[in-house]
Structures are given as structure tokens and as C-alpha cells.
Amino acid sequence: MALSRRLFVTSAVASAAALAAPGLPAAAAATAAPADRSRIPVSPADSPDDLVRKAAQVRPTARQIAWQALERTAFLHFGVNTFTGLEWGTGDEDPNVFQPTGLDIDQWARALRDGGFRLAILTVKHHDGFVLYPSRYTDHTVASSSWQGGHGDVLRSFADSMRRHGLKVGVYLSPADENQYLHGVYANGSARTARTIPTLAEGDDRTPERFYRLDATDYGAHMLNTLYEVLTEYGPVDEVWFDGAQGRIPPGKVEDYDWDSWYSLVRSLAPDAAIAVTGPDLRWVGNESGLARENEWSVVPVKENQYGRTDWALSYDTPDEGSRDALVTAQPATDYLQWWPAECDVSIRDGWFYHADQLPKNVDTLTEIYFGSVGRNAVLLLNVPPDTDGRLHDTDVTRLREFRERIEHELPEDLAHGARVTDSSRARTVDLGAAREVDRVRLAEDIRHGQQIEGCVVEAYRDGAWTEVTRAGTVGASRILLLPAPVRARRWRLRITAARGAVRLDRFQLYRSRI
């Protein structure tokens with residue numbers, strides 16, 4: 001693995017020059033509209049070197065960069081399952097079972113904000129098809145419950161509360177819908193034809209500025225109308241989450257979803273929203289334990305299935321998604337190399353929905369999950385399920401605060417902040433001015449220029465020589481390395497041992513934990 005001759009580009013002038021378009025001066029290139037380089041086609045004729053060269057050229061979109069910076073996001077599984085005790089509903093529940101008489105979404109927002117979370121995703125529609133707002137397109141909603149006299153709207157309260165407390169808003173809409181299956185809409189064999197969205201219902205008083213003509217089946221159109229309501233009536237949305245599970249729908253009855261039309265509508269109505277995890281922007285990490293791979297690549301081989309669905313060229317749970325060997329192995333099934341970063345979902349309790357007999361994970365476990373997700377180039381999505389009163393349980397609220405405090409003690413003060421930094425073609429050296437103990441190292445690439453690092457070594461200058469302290473493979477947006485014991489030194493060095501292209505380093509931070 002040969003090192004790039006231009007391993008670090010550190011000055012503003014050098015960075016602009018490196019990105020300048022052919023035939024344009026750097027200043028002119030900076031004003032040109034950036035091309036979408038988030039996916040690059042792969043050919044069967046590509047050599048292994050071609051694959052690596054293409055992978056080095058892939059860049060994230062602005063929405064992906066913004067999403068990666070969130071680091072900690074929250075899931076809120078809430079619906080009829082909260083009251084029936086099920087994890088997967090049946091689609092024929094009595095809506096009146098939904099009775100969150102003490103609903104306090106401001107309490108949710110305060111707890112999440114104080115826990116260090118920056119975005120929250122609500123299960124607006126789970127596999128059972130029950131919708132947490134009064135939809136025009138189904139009766140399986142909060143409006144069919146006697147709760148709040150049939151005028152309740154959880155999504156409205158959720159969106160308003162989250163924004164009021166400074167959190168971004170995400171919505172989960174399960175493609176599977178057991179209620180629509182029971183009503184003969186889902187998987188009814190209808191043809192995929194052009195549909196008008198929104199489809200105005202009887203008594204509909206909306207006057208849309210624009211109607212869309214999108215290809216869809218009967219159920220695909222139902223989903224498009226649902227998406228239209230959610231994305232036009234509840235303010236800006238920053239993440240749209242499509243699950244891949246099918247609930248209790250028989251395997252032979254699963255639809256080929258109209259992904260291209262769904263993606264197109266989301267892009268038009270919520271252009272800043274990242275589409276996950278069955279989507280083009282973010283991928284599921286492949287497990288529900290909250291842990292990323294030791295070496296997690298954001299540039300991975302993908303293929304297109306089912307009307308434009310972004311899918312893995314390799315298996316979703318393969319131990320290696322993006323190394324040089326993985327690119328070669330996946331090549332026969334690969335359509336593109338794509339910036340498709342990992343989201344690590346896990347629940348604070350054993351279940352995704354609230355169950356009174358379950359307890360939250362302890363702080364040590366949550367901390368291990370943090371380092372295994374955020375510390376491995378992924379974003380953590382932690383589920384905190386509201387209880388039957390409509391509140392986050394006090395035990396969970398306390399645990400969220402303890403979790404934030406623990407991370408603050410793990411990474412308290414960047415000792416390298418303000419230190420003298422020296423860059424060479426293949427290393428960065430930091431002089432702390434005096435010997436300091438270090439037991440945590442945080443690295444990050446400037447991912448605007450892709451993910452390039454394949455191997456690196458952290459060294460400390462001790463007893464007149466550079467000594468290896470720890471090493472890592474990938475870095476990406478965030479890599480946190482835990483030293484087995486504190487190391488005391490004044491001078492520290494990050495040395496790149498392998499890279500796909502020029503490395504732009506964003507962080508080389510040193511910490512002494514207070515645990």
C-alpha cells in the first residue's frame with residue numbers, strides 16, 4: 001500500500017488548489033457549483049488500482065457531513081405496541097388502546113438535550129401501520145382513539161418540542177404496513193403507474209403549490225401521500241428513516257417498494273434530510289448492538305435493487321465493507337462506490353418499545369457503545385422508549401444524564417488545543433509545551449475530502465526516541481483510541497502508514513480521562 005506523495009494538505013491555499021477544477025484557478029473553482037461525487041460508477045473492467053483510485057475520489061454530500069457531525073442521535077419507539085406489550089404489532093389493534101394520558105414531550109426533549117443528543121427520530125408509523133398523527137389516508141391513527149377526544153397529534157407535539165429545545169427532527173416511517181395489508185392495499189398486485197401526489201381526499205381543503213406525478217402501486221401511493229403529509233405539515237425534517245423489517249407480513253406478500261418515487265419526493269420536500277437506513281444517505285451498521293466494525297469505511301460498494309433502492313454489494317453484516325480486498329470481492333455485484341456511512345442503532349433497554357419489567361443499560365455499557373460507534377466512524381442512534389404515561393421513565397432520564405457526564409469525564413479537555421503543531425508529508429507532531437499524561441486519542445479526517453487513511457500510528461517522544469503508543473486502521477469522521485494505561489510525554493506524533501490519497505486531517509486530540 002503505497003503512501004500518497006501528498007499525504008497532508010494543511011494550508012487554505014493548498015486545499016483550494018487541490019480541489020480546483022481543471023483549467024480553472026483555485027478562486028474560480030471555489031465559486032463553481034460542486035458536482036455530486038457521493039457515488040462513482042464501477043466497471044467490470046476496473047483493476048484493483050482503479051477501484052482504490054475511485055474510492056479515494058468519493059465525497060460526502062452536505063447533508064451527510066451535517067449528519068455525521070451529530071454523533072449522538074435518539075430513537076423514540078412509541079405507538080400501540082407501548083400499550084399492548086408487543087414489539088411487532090398486528091395491524092388490527094383497537095386504536096383506543098393508545099392512551100398516553102400524561103404525554104409530556106417537552107420532558108423527552110429536555111432529557112435528550114441534557115443527555116447530549118442533537119437529533120431525535122419518532123416512530124411515526126411502525127410495522128403495524130398505526131400513525132401518530134391524524135392522517136387523511138388511514139383510520140388506524142391517533143384520531144381514532146378517545147385520547148384527547150380524538151384530536152391528539154403526537155407528531156405535532158414532538159416536532160414543536162424538539163425544535164423548541166434545540167434538537168433536530170427525524171421521522172421513522174416503516175415501509176411495511178400490516179394494517180394496509182389487512183385492508184387489501186399493501187401487496188394487492190396493483191400495477192405501478194403514474195399517481196398524482198398529494199391525492200386529495202374527500203373534504204380536503206389543501207391547495208398545494210405543486211402536485212407530483214410519480215410511479216407507484218396502490219400501497220406505494222399510500223406511502224407517498226403519508227410522506228407528503230409529514231414533510232409538508234410539520235416543519236423541517238432532518239432525517240427520514242425507512243426500516244427494512246417486514247413485521248408479521250408473510251414473506252411471499254412483501255411488496256417491491258417504489259423506492260425511486262419515495263426518494264424523489266423526500267428530496268423535493270425535505271432536501272436537507274438524510275434518508276436512512278434503507279436509503280441512499282445512511283446505512284444500517286448491520287447489528288442492533290450499537291457497535292461499528294473495528295475499521296468502518298464510509299465509502300462502500302453498493303448495488304441498486306427494487307426501483308433504485310440502495311443496497312449492499314456485499315452482505316449487510318460482512319465484517320469488512322470497504323477495504324481494498326472488499327472492493328475487489330464485491331466488484332462483480334457492484335454498481336457504484338458510494339459514500340454510505342454507518343448508523344449504529346441500539347436500545348437503552350432490551351426492547352425497542354417500553355416494557356415495565358426491563359431496565360436501562362448501565363453507564364459502563366453505554367460508554368462502551370459510544371466508543372464502539374462514535375469512536376469508530378459511525379453515528380450512535382440510541383432508542384429511549386416512552387412509557388405508557390407518555391413520558392421517558394425517570395430511571396432512563398437519569399441514565400441519559402449519567403451517560404453524558406461519563407463521556408465528558410472520558411474526554412474532558414483537549415490537551416493539544418493551542419499546542420504547537422508541525423506537519424510533514426506523512427506525519428503531524430504536537431508539542432504540548434510540557435510533559436502531560438494521555439490515555440485517550442481522538443482522530444478525524446476532514447471528510448469533505450473523502451476518507452483516505454488506511455493505517456496510522458500514534459507515537460510519543462520518550463527517552464530520546466519516538467515510541468509507538470497505539471495504532472489504528474481507518475479514521476474517517478471520528479476515531480477514538482483508548483490507551484490501556486496513561487502515557488506521559490511532551491511531544492506526540494501521528495504517523496500515517498497507509499492511505500488511498502492525500503489526507504486532510506481535522507483532529508489530532510489528546511486527553512487524560514477523569515475516571
# chains A, B, ... in the order shown; residues from 1 in each chain; ligands from 1

$ residues_around --residues "A:Glu178" --least-positions-apart "6" --cutoff "6 Å" --atoms "only C-alpha atoms" --output "PyMOL selection string"
chain A and resi 91+128-129

$ write_last_selection --atoms "N, CA, C and O atoms" --output "compact mmCIF listing (two decimals), in the first residue's frame"
# COMPACT_ATOMS: atom_id res chain seq x y z
N GLY A 91 -51.59 -4.88 13.32
CA GLY A 91 -52.31 -4.12 12.31
C GLY A 91 -53.80 -4.03 12.55
O GLY A 91 -54.49 -3.22 11.92
N ASP A 128 -47.04 -2.00 12.27
CA ASP A 128 -48.48 -2.23 12.45
C ASP A 128 -49.32 -1.25 11.65
O ASP A 128 -50.52 -1.47 11.44
N GLY A 129 -48.73 -0.13 11.23
CA GLY A 129 -49.46 0.83 10.43
C GLY A 129 -50.16 1.92 11.22
O GLY A 129 -50.77 2.82 10.63

$ residues_around --residues "A:Ser161" --least-positions-apart "4" --cutoff "12 Å" --atoms "only C-alpha atoms" --output "VMD selection string"
chain A and resid 103 to 113 119 to 120 154 to 157 165 to 169 234 to 235

$ closest_atom_pairs --of "stretch 130-176 of chain A" --to "stretch 185-198 of chain A" --cutoff "12 Å" --atoms "only C-alpha atoms" --output "Markdown table"
| residue | atom | partner | partner_atom | distance |
| --- | --- | --- | --- | --- |
| A:Arg136 | CA | A:Pro198 | CA | 10.6 |
| A:Tyr137 | CA | A:Pro198 | CA | 10.6 |
| A:Thr138 | CA | A:Val185 | CA | 10.9 |
| A:Pro175 | CA | A:Tyr186 | CA | 9.9 |
| A:Ala176 | CA | A:Tyr186 | CA | 8.3 |

$ select_by_dssp --residues "stretch 170-382 of chain A" --states "strand (DSSP E or B)" --output "VMD selection string"
chain A and resid 170 to 173 193 to 197 212 to 216 239 to 242 274 to 278 283 to 284 299 to 305 309 to 312 336 to 339 342 to 347 376 378 to 382

$ residues_around --residues "A:Asn377" --least-positions-apart "6" --cutoff "8 Å" --atoms "only C-alpha atoms" --output "PDB file with N, CA, C and O atoms, in the first residue's frame"
ATOM      1  N   ALA A 292     -19.975  -0.464  15.736  1.00  0.00           N
ATOM      2  CA  ALA A 292     -19.458  -0.459  14.380  1.00  0.00           C
ATOM      3  C   ALA A 292     -18.295  -1.442  14.275  1.00  0.00           C
ATOM      4  O   ALA A 292     -17.811  -1.985  15.272  1.00  0.00           O
ATOM      5  N   GLU A 296     -14.261   0.870  10.083  1.00  0.00           N
ATOM      6  CA  GLU A 296     -15.521   1.166   9.409  1.00  0.00           C
ATOM      7  C   GLU A 296     -15.290   2.174   8.285  1.00  0.00           C
ATOM      8  O   GLU A 296     -14.865   3.303   8.522  1.00  0.00           O
ATOM      9  N   TRP A 297     -15.564   1.733   7.070  1.00  0.00           N
ATOM     10  CA  TRP A 297     -15.427   2.596   5.901  1.00  0.00           C
ATOM     11  C   TRP A 297     -16.752   3.279   5.594  1.00  0.00           C
ATOM     12  O   TRP A 297     -17.815   2.665   5.663  1.00  0.00           O
ATOM     13  N   SER A 298     -16.673   4.568   5.216  1.00  0.00           N
ATOM     14  CA  SER A 298     -17.862   5.278   4.745  1.00  0.00           C
ATOM     15  C   SER A 298     -18.038   5.130   3.244  1.00  0.00           C
ATOM     16  O   SER A 298     -19.131   5.372   2.732  1.00  0.00           O
ATOM     17  N   PRO A 341     -22.263   6.124   4.985  1.00  0.00           N
ATOM     18  CA  PRO A 341     -21.749   5.927   6.341  1.00  0.00           C
ATOM     19  C   PRO A 341     -22.698   5.119   7.214  1.00  0.00           C
ATOM     20  O   PRO A 341     -23.889   4.990   6.929  1.00  0.00           O
ATOM     21  N   ALA A 342     -22.160   4.601   8.308  1.00  0.00           N
ATOM     22  CA  ALA A 342     -22.895   3.667   9.161  1.00  0.00           C
ATOM     23  C   ALA A 342     -23.578   4.382  10.321  1.00  0.00           C
ATOM     24  O   ALA A 342     -23.001   5.248  10.975  1.00  0.00           O
ATOM     25  N   VAL A 475      -9.835   5.870   9.909  1.00  0.00           N
ATOM     26  CA  VAL A 475     -10.123   7.009  10.777  1.00  0.00           C
ATOM     27  C   VAL A 475     -11.485   7.593  10.404  1.00  0.00           C
ATOM     28  O   VAL A 475     -12.437   7.501  11.151  1.00  0.00           O
ATOM     29  N   GLY A 476     -11.596   8.211   9.234  1.00  0.00           N
ATOM     30  CA  GLY A 476     -12.871   8.789   8.816  1.00  0.00           C
ATOM     31  C   GLY A 476     -13.251  10.003   9.635  1.00  0.00           C
ATOM     32  O   GLY A 476     -12.400  10.801  10.035  1.00  0.00           O
ATOM     33  N   ALA A 477     -14.544  10.153   9.916  1.00  0.00           N
ATOM     34  CA  ALA A 477     -15.041  11.334  10.619  1.00  0.00           C
ATOM     35  C   ALA A 477     -14.668  11.343  12.095  1.00  0.00           C
ATOM     36  O   ALA A 477     -14.640  12.406  12.719  1.00  0.00           O
ATOM     37  N   SER A 478     -14.388  10.173  12.665  1.00  0.00           N
ATOM     38  CA  SER A 478     -14.087  10.114  14.094  1.00  0.00           C
ATOM     39  C   SER A 478     -13.467   8.769  14.441  1.00  0.00           C
ATOM     40  O   SER A 478     -14.045   7.727  14.139  1.00  0.00           O
ATOM     41  N   ARG A 479     -12.314   8.797  15.075  1.00  0.00           N
ATOM     42  CA  ARG A 479     -11.699   7.576  15.614  1.00  0.00           C
ATOM     43  C   ARG A 479     -11.172   7.907  17.004  1.00  0.00           C
ATOM     44  O   ARG A 479     -10.380   8.846  17.166  1.00  0.00           O
TER      45      ARG A 479
END

$ closest_atom_pairs --of "stretch 307-391 of chain A" --to "stretch 243-264 of chain A" --cutoff "7 Å" --atoms "only C-alpha atoms" --output "tab-separated table"
residue	atom	partner	partner_atom	distance
A:Tyr307	CA	A:Asp260	CA	5.6
A:Gly308	CA	A:Asp260	CA	5.2
A:Arg309	CA	A:Trp259	CA	5.5

$ write_last_selection --atoms "N, CA and C atoms" --output "mmCIF file, in the first residue's frame"
data_model
loop_
_atom_site.group_PDB
_atom_site.id
_atom_site.type_symbol
_atom_site.label_atom_id
_atom_site.label_comp_id
_atom_site.auth_asym_id
_atom_site.auth_seq_id
_atom_site.Cartn_x
_atom_site.Cartn_y
_atom_site.Cartn_z
ATOM 1 N N TYR A 307 -36.306 -0.831 -8.004
ATOM 2 C CA TYR A 307 -36.614 0.547 -8.382
ATOM 3 C C TYR A 307 -35.713 1.565 -7.676
ATOM 4 N N GLY A 308 -34.411 1.310 -7.720
ATOM 5 C CA GLY A 308 -33.466 2.304 -7.233
ATOM 6 C C GLY A 308 -33.090 2.222 -5.777
ATOM 7 N N ARG A 309 -33.494 1.178 -5.079
ATOM 8 C CA ARG A 309 -33.083 1.035 -3.678
ATOM 9 C C ARG A 309 -31.571 0.846 -3.586
#

$ residues_around --residues "A:Ser315" --least-positions-apart "4" --cutoff "10 Å" --atoms "only C-alpha atoms" --output "JSON, numbers by chain"
{"A": [286, 311, 319, 320, 321, 330]}

$ residues_around --residues "stretch 411-420 of chain A" --least-positions-apart "5" --cutoff "8 Å" --atoms "only C-alpha atoms" --output "PDB file with N, CA and C atoms, in the first residue's frame"
ATOM      1  N   VAL A 430       2.742  17.171  17.604  1.00  0.00           N
ATOM      2  CA  VAL A 430       2.174  18.135  18.535  1.00  0.00           C
ATOM      3  C   VAL A 430       3.106  18.261  19.732  1.00  0.00           C
ATOM      4  N   ASP A 431       3.478  19.497  20.049  1.00  0.00           N
ATOM      5  CA  ASP A 431       4.324  19.788  21.218  1.00  0.00           C
ATOM      6  C   ASP A 431       3.444  20.442  22.276  1.00  0.00           C
ATOM      7  N   LEU A 432       3.220  19.745  23.381  1.00  0.00           N
ATOM      8  CA  LEU A 432       2.336  20.232  24.437  1.00  0.00           C
ATOM      9  C   LEU A 432       2.992  21.288  25.314  1.00  0.00           C
ATOM     10  N   GLY A 433       4.281  21.518  25.157  1.00  0.00           N
ATOM     11  CA  GLY A 433       4.987  22.509  25.956  1.00  0.00           C
ATOM     12  C   GLY A 433       5.517  21.975  27.270  1.00  0.00           C
ATOM     13  N   ARG A 440      -6.330   8.951  26.126  1.00  0.00           N
ATOM     14  CA  ARG A 440      -7.351   8.933  25.075  1.00  0.00           C
ATOM     15  C   ARG A 440      -6.834   9.763  23.897  1.00  0.00           C
ATOM     16  N   PHE A 508      -6.383  15.886  15.777  1.00  0.00           N
ATOM     17  CA  PHE A 508      -5.419  15.040  16.482  1.00  0.00           C
ATOM     18  C   PHE A 508      -5.452  15.548  17.914  1.00  0.00           C
ATOM     19  N   GLN A 509      -6.361  14.971  18.711  1.00  0.00           N
ATOM     20  CA  GLN A 509      -6.640  15.465  20.047  1.00  0.00           C
ATOM     21  C   GLN A 509      -6.159  14.467  21.095  1.00  0.00           C
ATOM     22  N   LEU A 510      -5.676  15.010  22.195  1.00  0.00           N
ATOM     23  CA  LEU A 510      -5.107  14.196  23.272  1.00  0.00           C
ATOM     24  C   LEU A 510      -5.847  14.507  24.579  1.00  0.00           C
ATOM     25  N   TYR A 511      -6.175  13.457  25.320  1.00  0.00           N
ATOM     26  CA  TYR A 511      -6.964  13.620  26.550  1.00  0.00           C
ATOM     27  C   TYR A 511      -6.379  12.785  27.689  1.00  0.00           C
ATOM     28  N   ARG A 512      -6.622  13.267  28.893  1.00  0.00           N
ATOM     29  CA  ARG A 512      -6.398  12.471  30.098  1.00  0.00           C
ATOM     30  C   ARG A 512      -7.745  12.344  30.784  1.00  0.00           C
ATOM     31  N   SER A 513      -8.294  11.137  30.789  1.00  0.00           N
ATOM     32  CA  SER A 513      -9.627  10.945  31.349  1.00  0.00           C
ATOM     33  C   SER A 513      -9.636  11.204  32.849  1.00  0.00           C
ATOM     34  N   ARG A 514     -10.827  11.501  33.364  1.00  0.00           N
ATOM     35  CA  ARG A 514     -11.005  11.763  34.799  1.00  0.00           C
ATOM     36  C   ARG A 514     -11.875  10.689  35.433  1.00  0.00           C
TER      37      ARG A 514
END

$ select_by_dssp --residues "stretch 161-375 of chain A" --states "alpha helix (DSSP H)" --output "PyMOL selection string"
chain A and resi 161-164+178-182+218-233+259-269+324-330+363-373

$ residues_around --residues "A:Gly279" --least-positions-apart "2" --cutoff "9 Å" --atoms "only C-alpha atoms" --output "PyMOL selection string"
chain A and resi 240-242+259+263+274-277+281-283+309-311
